[in-house]
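What follows is the content of final_30.cif (mmCIF, C-alpha atoms, pLDDT in the B column; chains and numbers go by the auth columns).
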```cif
data_upload
loop_
_atom_site.group_PDB
_atom_site.id
_atom_site.type_symbol
_atom_site.label_atom_id
_atom_site.label_comp_id
_atom_site.label_asym_id
_atom_site.label_seq_id
_atom_site.Cartn_x
_atom_site.Cartn_y
_atom_site.Cartn_z
_atom_site.B_iso_or_equiv
_atom_site.auth_seq_id
_atom_site.auth_asym_id
ATOM 1 C CA MET A 1 30.820 -20.555 8.266 86.00 1 A
ATOM 2 C CA LYS A 2 30.988 -18.404 5.175 92.00 2 A
ATOM 3 C CA ARG A 3 29.941 -14.779 5.517 96.00 3 A
ATOM 4 C CA VAL A 4 27.750 -13.977 2.521 98.00 4 A
ATOM 5 C CA GLY A 5 25.794 -10.824 3.284 98.00 5 A
ATOM 6 C CA ARG A 6 24.894 -7.996 5.581 98.00 6 A
ATOM 7 C CA PHE A 7 21.729 -6.269 6.720 98.00 7 A
ATOM 8 C CA GLU A 8 21.243 -2.506 6.574 98.00 8 A
ATOM 9 C CA LYS A 9 18.429 -0.071 7.203 98.00 9 A
ATOM 10 C CA VAL A 10 16.830 1.532 4.158 98.00 10 A
ATOM 11 C CA SER A 11 16.779 5.334 4.126 98.00 11 A
ATOM 12 C CA ALA A 12 14.259 7.175 6.271 98.00 12 A
ATOM 13 C CA ALA A 13 12.657 8.546 3.088 98.00 13 A
ATOM 14 C CA GLU A 14 12.148 5.062 1.610 97.00 14 A
ATOM 15 C CA PHE A 15 10.714 3.660 4.850 98.00 15 A
ATOM 16 C CA SER A 16 8.479 6.687 5.441 97.00 16 A
ATOM 17 C CA SER A 17 6.977 6.300 1.972 97.00 17 A
ATOM 18 C CA ARG A 18 5.694 2.819 2.949 96.00 18 A
ATOM 19 C CA VAL A 19 4.149 3.413 6.396 97.00 19 A
ATOM 20 C CA PRO A 20 1.515 5.784 7.789 96.00 20 A
ATOM 21 C CA ALA A 21 2.972 9.253 8.402 96.00 21 A
ATOM 22 C CA GLU A 22 1.980 9.282 12.087 97.00 22 A
ATOM 23 C CA ILE A 23 4.246 6.320 12.908 97.00 23 A
ATOM 24 C CA ALA A 24 7.041 6.756 10.342 97.00 24 A
ATOM 25 C CA GLU A 25 9.582 8.586 12.510 97.00 25 A
ATOM 26 C CA SER A 26 9.209 6.489 15.659 97.00 26 A
ATOM 27 C CA ALA A 27 9.068 3.217 13.708 97.00 27 A
ATOM 28 C CA TYR A 28 12.168 4.122 11.679 98.00 28 A
ATOM 29 C CA SER A 29 14.190 4.848 14.813 97.00 29 A
ATOM 30 C CA ALA A 30 13.052 1.491 16.268 95.00 30 A
ATOM 31 C CA ILE A 31 14.188 -0.621 13.303 98.00 31 A
ATOM 32 C CA ARG A 32 16.412 -3.434 14.520 98.00 32 A
ATOM 33 C CA LEU A 33 18.696 -5.297 12.143 98.00 33 A
ATOM 34 C CA PRO A 34 18.002 -9.038 11.885 98.00 34 A
ATOM 35 C CA GLU A 35 20.024 -11.234 14.260 98.00 35 A
ATOM 36 C CA ARG A 36 20.512 -14.909 15.018 97.00 36 A
ATOM 37 C CA ALA A 37 19.314 -15.892 18.481 94.00 37 A
ATOM 38 C CA THR A 38 22.070 -18.459 19.069 96.00 38 A
ATOM 39 C CA SER A 39 25.348 -19.457 17.457 95.00 39 A
ATOM 40 C CA GLY A 40 23.651 -22.578 16.071 96.00 40 A
ATOM 41 C CA SER A 41 20.661 -20.736 14.563 95.00 41 A
ATOM 42 C CA ALA A 42 20.349 -20.810 10.773 96.00 42 A
ATOM 43 C CA GLY A 43 17.695 -18.085 10.716 97.00 43 A
ATOM 44 C CA TYR A 44 18.112 -14.365 11.259 98.00 44 A
ATOM 45 C CA ASP A 45 15.109 -13.012 13.153 98.00 45 A
ATOM 46 C CA PHE A 46 13.278 -10.082 11.563 98.00 46 A
ATOM 47 C CA TYR A 47 11.722 -7.720 14.116 98.00 47 A
ATOM 48 C CA ALA A 48 8.528 -5.727 13.736 98.00 48 A
ATOM 49 C CA PRO A 49 9.317 -2.012 13.317 97.00 49 A
ATOM 50 C CA PHE A 50 5.812 -1.247 14.653 97.00 50 A
ATOM 51 C CA ALA A 51 2.985 -3.168 16.285 97.00 51 A
ATOM 52 C CA PHE A 52 0.561 -4.926 13.966 97.00 52 A
ATOM 53 C CA GLN A 53 -2.251 -7.428 14.109 97.00 53 A
ATOM 54 C CA ALA A 54 -4.030 -9.756 11.708 96.00 54 A
ATOM 55 C CA GLU A 55 -7.434 -11.300 12.202 97.00 55 A
ATOM 56 C CA PRO A 56 -8.054 -14.916 11.132 96.00 56 A
ATOM 57 C CA GLY A 57 -8.109 -15.035 7.335 96.00 57 A
ATOM 58 C CA GLU A 58 -6.455 -11.617 7.035 96.00 58 A
ATOM 59 C CA GLU A 59 -3.238 -10.747 5.217 96.00 59 A
ATOM 60 C CA ILE A 60 -0.887 -7.886 6.013 96.00 60 A
ATOM 61 C CA LYS A 61 2.237 -6.537 4.334 96.00 61 A
ATOM 62 C CA ILE A 62 4.980 -5.342 6.680 97.00 62 A
ATOM 63 C CA PRO A 63 7.673 -2.976 5.396 98.00 63 A
ATOM 64 C CA THR A 64 10.627 -4.069 7.534 98.00 64 A
ATOM 65 C CA GLY A 65 12.921 -1.098 6.898 98.00 65 A
ATOM 66 C CA ILE A 66 15.651 -3.664 6.095 98.00 66 A
ATOM 67 C CA ARG A 67 17.671 -4.342 2.973 98.00 67 A
ATOM 68 C CA ALA A 68 20.219 -7.119 2.485 98.00 68 A
ATOM 69 C CA TYR A 69 23.466 -7.056 0.572 98.00 69 A
ATOM 70 C CA ILE A 70 23.943 -10.647 -0.631 98.00 70 A
ATOM 71 C CA GLU A 71 27.004 -12.110 -2.328 97.00 71 A
ATOM 72 C CA PRO A 72 26.419 -13.479 -5.859 95.00 72 A
ATOM 73 C CA GLY A 73 25.508 -17.174 -5.799 96.00 73 A
ATOM 74 C CA TRP A 74 23.457 -16.775 -2.608 98.00 74 A
ATOM 75 C CA VAL A 75 19.825 -15.977 -1.849 98.00 75 A
ATOM 76 C CA LEU A 76 18.007 -14.895 1.325 98.00 76 A
ATOM 77 C CA THR A 77 14.882 -16.963 1.966 98.00 77 A
ATOM 78 C CA LEU A 78 12.161 -15.740 4.329 98.00 78 A
ATOM 79 C CA TYR A 79 9.774 -17.706 6.526 96.00 79 A
ATOM 80 C CA PRO A 80 7.488 -16.927 9.481 95.00 80 A
ATOM 81 C CA ARG A 81 8.903 -17.757 12.891 93.00 81 A
ATOM 82 C CA SER A 82 8.052 -21.399 13.446 88.00 82 A
ATOM 83 C CA GLY A 83 6.288 -20.775 16.772 90.00 83 A
ATOM 84 C CA LEU A 84 3.918 -18.328 15.069 91.00 84 A
ATOM 85 C CA GLY A 85 3.259 -20.900 12.375 88.00 85 A
ATOM 86 C CA PHE A 86 2.278 -23.461 14.997 88.00 86 A
ATOM 87 C CA LYS A 87 0.131 -21.095 17.066 89.00 87 A
ATOM 88 C CA PHE A 88 -1.557 -19.086 14.311 89.00 88 A
ATOM 89 C CA ARG A 89 -0.958 -21.007 11.055 92.00 89 A
ATOM 90 C CA LEU A 90 0.955 -17.882 10.098 94.00 90 A
ATOM 91 C CA MET A 91 2.425 -18.129 6.621 95.00 91 A
ATOM 92 C CA LEU A 92 3.911 -15.939 3.963 94.00 92 A
ATOM 93 C CA ASN A 93 1.476 -15.211 1.147 89.00 93 A
ATOM 94 C CA ASN A 94 4.021 -16.535 -1.350 88.00 94 A
ATOM 95 C CA THR A 95 4.908 -19.489 0.958 90.00 95 A
ATOM 96 C CA VAL A 96 8.658 -18.681 0.915 95.00 96 A
ATOM 97 C CA GLY A 97 10.111 -15.240 0.362 94.00 97 A
ATOM 98 C CA VAL A 98 13.049 -15.152 -2.041 95.00 98 A
ATOM 99 C CA ILE A 99 15.366 -12.148 -1.870 96.00 99 A
ATOM 100 C CA ASP A 100 17.789 -12.223 -4.788 95.00 100 A
ATOM 101 C CA SER A 101 21.199 -10.587 -4.553 95.00 101 A
ATOM 102 C CA ASP A 102 20.360 -7.999 -7.232 95.00 102 A
ATOM 103 C CA TYR A 103 17.291 -6.783 -5.314 95.00 103 A
ATOM 104 C CA TYR A 104 19.704 -4.700 -3.204 96.00 104 A
ATOM 105 C CA TYR A 105 20.154 -2.336 -6.177 94.00 105 A
ATOM 106 C CA SER A 106 16.438 -1.698 -6.904 94.00 106 A
ATOM 107 C CA ASP A 107 14.923 1.788 -6.919 93.00 107 A
ATOM 108 C CA ASN A 108 13.272 1.020 -3.583 95.00 108 A
ATOM 109 C CA GLU A 109 16.738 0.373 -2.079 96.00 109 A
ATOM 110 C CA GLY A 110 15.995 -3.353 -1.857 97.00 110 A
ATOM 111 C CA HIS A 111 13.471 -2.677 0.928 97.00 111 A
ATOM 112 C CA ILE A 112 12.279 -6.065 2.205 97.00 112 A
ATOM 113 C CA HIS A 113 8.525 -6.317 2.736 97.00 113 A
ATOM 114 C CA ILE A 114 7.031 -9.421 4.311 97.00 114 A
ATOM 115 C CA LYS A 115 3.432 -10.256 3.417 96.00 115 A
ATOM 116 C CA LEU A 116 1.820 -12.517 6.007 96.00 116 A
ATOM 117 C CA PHE A 117 -1.427 -14.469 6.127 96.00 117 A
ATOM 118 C CA ASN A 118 -3.117 -15.506 9.380 95.00 118 A
ATOM 119 C CA GLY A 119 -4.584 -18.909 8.511 95.00 119 A
ATOM 120 C CA GLY A 120 -5.506 -19.666 12.097 94.00 120 A
ATOM 121 C CA SER A 121 -8.634 -19.164 14.162 95.00 121 A
ATOM 122 C CA ARG A 122 -7.452 -16.393 16.488 95.00 122 A
ATOM 123 C CA ARG A 123 -6.130 -12.886 16.207 97.00 123 A
ATOM 124 C CA LEU A 124 -2.366 -12.478 15.739 96.00 124 A
ATOM 125 C CA GLU A 125 -0.830 -9.568 17.649 97.00 125 A
ATOM 126 C CA ILE A 126 2.826 -8.657 17.191 97.00 126 A
ATOM 127 C CA ALA A 127 4.368 -5.954 19.369 98.00 127 A
ATOM 128 C CA ALA A 128 6.889 -3.449 18.047 97.00 128 A
ATOM 129 C CA GLY A 129 10.332 -5.025 18.342 97.00 129 A
ATOM 130 C CA GLU A 130 9.008 -8.608 18.438 97.00 130 A
ATOM 131 C CA ALA A 131 10.522 -11.198 16.089 97.00 131 A
ATOM 132 C CA PHE A 132 7.928 -12.364 13.567 97.00 132 A
ATOM 133 C CA ALA A 133 9.877 -13.788 10.599 97.00 133 A
ATOM 134 C CA GLN A 134 13.255 -15.321 9.881 97.00 134 A
ATOM 135 C CA GLY A 135 15.655 -15.216 6.977 98.00 135 A
ATOM 136 C CA ILE A 136 18.109 -17.912 5.936 98.00 136 A
ATOM 137 C CA PHE A 137 20.952 -17.446 3.453 98.00 137 A
ATOM 138 C CA LEU A 138 21.263 -20.330 0.986 98.00 138 A
ATOM 139 C CA PRO A 139 23.563 -21.003 -1.962 97.00 139 A
ATOM 140 C CA PHE A 140 22.089 -21.641 -5.395 95.00 140 A
ATOM 141 C CA GLY A 141 23.320 -22.816 -8.770 94.00 141 A
ATOM 142 C CA ILE A 142 22.484 -22.056 -12.385 93.00 142 A
ATOM 143 C CA THR A 143 22.366 -24.243 -15.503 95.00 143 A
ATOM 144 C CA GLU A 144 25.389 -24.660 -17.746 95.00 144 A
ATOM 145 C CA ASP A 145 23.606 -22.903 -20.614 95.00 145 A
ATOM 146 C CA ASP A 146 22.163 -20.007 -18.567 93.00 146 A
ATOM 147 C CA SER A 147 22.275 -16.700 -20.440 91.00 147 A
ATOM 148 C CA ALA A 148 20.248 -14.319 -18.243 89.00 148 A
ATOM 149 C CA THR A 149 21.404 -10.707 -18.633 84.00 149 A
ATOM 150 C CA ALA A 150 18.345 -8.660 -17.583 84.00 150 A
ATOM 151 C CA LYS A 151 18.593 -6.191 -14.699 79.00 151 A
ATOM 152 C CA ARG A 152 16.089 -6.134 -11.833 68.00 152 A
ATOM 153 C CA ASN A 153 14.219 -3.072 -10.667 71.00 153 A
ATOM 154 C CA GLY A 154 11.621 -3.885 -8.065 62.00 154 A
ATOM 155 C CA GLY A 155 10.283 -6.713 -5.984 58.00 155 A
ATOM 156 C CA PHE A 156 7.207 -8.957 -5.578 52.00 156 A
ATOM 157 C CA GLY A 157 7.234 -10.492 -9.046 52.00 157 A
ATOM 158 C CA SER A 158 9.164 -7.747 -10.804 49.00 158 A
ATOM 159 C CA THR A 159 11.023 -10.224 -13.008 51.00 159 A
ATOM 160 C CA SER A 160 7.946 -12.079 -14.282 51.00 160 A
ATOM 161 C CA ALA A 161 6.750 -11.649 -17.851 45.00 161 A
ATOM 162 C CA ARG A 162 3.105 -11.147 -16.809 42.00 162 A
#
```
What does this structure look like when you write it as structure tokens?
Amino acid sequence: MKRVGRFEKVSAAEFSSRVPAEIAESAYSAIRLPERATSGSAGYDFYAPFAFQAEPGEEIKIPTGIRAYIEPGWVLTLYPRSGLGFKFRLMLNNTVGVIDSDYYYSDNEGHIHIKLFNGGSRRLEIAAGEAFAQGIFLPFGITEDDSATAKRNGGFGSTSAR
């Protein structure tokens, strides 16, 4: 298998700016880098840096404390853990998260946030340290006449013209 990226923690300052002050220090020290559960797993599990819950019909954005260096020509795609999808109809608000390789260089250090929606009928509770999402590295291509030269700075739609 080709090695195409690596996970890192964002700085304590970046993470602390995204979470409530009373949990920032303990949550930052508990950040766990994504891992595959088995040698045959395609997905890297993302772990909750702090406990969270979502009522039915509620959405929540989780700052993971993780950034990903990704080789050019590859993308990191994000999905909820499949078991949570079955049990809670848990889904990402944007259906599939797309982390581009140039996001790593953004002002926010490429901090990956995962916005979830509980489409089920019961309360979702995720404990600190529990796997709740997964990321899969995939190759991508571009058109023969592609001429994109713009530089990214941000996430969640930062490259759109709107």
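When all atoms listed in the file are used to measure the gap to Ile66 (chain A), the shortest distance among A:Glu144, A:Glu125, A:Glu35, A:Glu8 belongs to A:Glu8.
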Explicit residues for the PyMOL selection byres ((chain A and resi 72) around 9) (as a JSON list (two decimals) with C-alpha atoms, keeping the file's coordinate frame):
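Wrote it out as expr-v4.json, contents follow:
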```json
[["chain", "number", "residue", "atom", "x", "y", "z"],
["A", 4, "VAL", "CA", 27.75, -13.98, 2.52],
["A", 70, "ILE", "CA", 23.94, -10.65, -0.63],
["A", 71, "GLU", "CA", 27.00, -12.11, -2.33],
["A", 73, "GLY", "CA", 25.51, -17.17, -5.80],
["A", 74, "TRP", "CA", 23.46, -16.77, -2.61],
["A", 75, "VAL", "CA", 19.82, -15.98, -1.85],
["A", 100, "ASP", "CA", 17.79, -12.22, -4.79],
["A", 101, "SER", "CA", 21.20, -10.59, -4.55],
["A", 102, "ASP", "CA", 20.36, -8.00, -7.23],
["A", 139, "PRO", "CA", 23.56, -21.00, -1.96]]
```
_Report, in Å to a single decimal, how far apart CA of Glu109 (chain A) and CA of Leu84 (chain A) are._
28.4 Å
*At most 10 Å from (-6.5, -11.5, 12.9), file frame, all atoms listed in the file: which residues, as a PyMOL selection string?*
chain A and resi 52-60+88+117-125
_Can you spell out as a ChimeraX atom specification the set of residues that the PyMOL selection byres ((chain A and resi 134) around 7) selects in the structure I just provided?_
/A:43-46,78-81,133,135-136
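Using only C-alpha atoms, the nearest neighbour of Arg67 (chain A) within the list A:Asn94, A:Ser26, A:Thr38, A:Ser11 is A:Ser11.
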*In terms of the shortest atom-to-atom distance over all atoms listed in the file, which of A:Tyr47, A:Ile112, A:Lys151, A:Phe86 is closest to Ala128 (chain A)?*
A:Tyr47
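Here the PyMOL selection byres ((chain A and resi 18) around 10) matches the residues A:Ala13, A:Glu14, A:Phe15, A:Ser16, A:Ser17, A:Val19, A:Pro20, A:Ala21, A:Ala24, A:Ile62, A:Pro63, A:Thr64, A:Gly65, A:His111, A:His113.
A cut-off of 6 Å from the point (18.0, -14.1, -0.2), with only C-alpha atoms, picks out the residues Val75, Leu76, Thr77, Val98, Ile99, Asp100 and Phe137 of chain A.
Distance annotation: of A:Ala150, A:Ala27, A:Ala68, A:Ala48, the residue with the minimal separation from Lys9 (chain A) is A:Ala68; atom set is only C-alpha atoms.
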*Which residues come within 9 Å of Asn93 (chain A), counting all atoms listed in the file, excluding same-chain residues fewer than 3 positions away, as a count of residues only?*
7
*Return the single residue from A:Asn153, A:Gly85, A:Ile142, A:Ile126 that is closest to Tyr103 (chain A), with distances computed using all atoms listed in the file.*
A:Asn153
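In this structure, CA of Ala30 (chain A) sits 5.9 Å away from CA of Pro49 (chain A).
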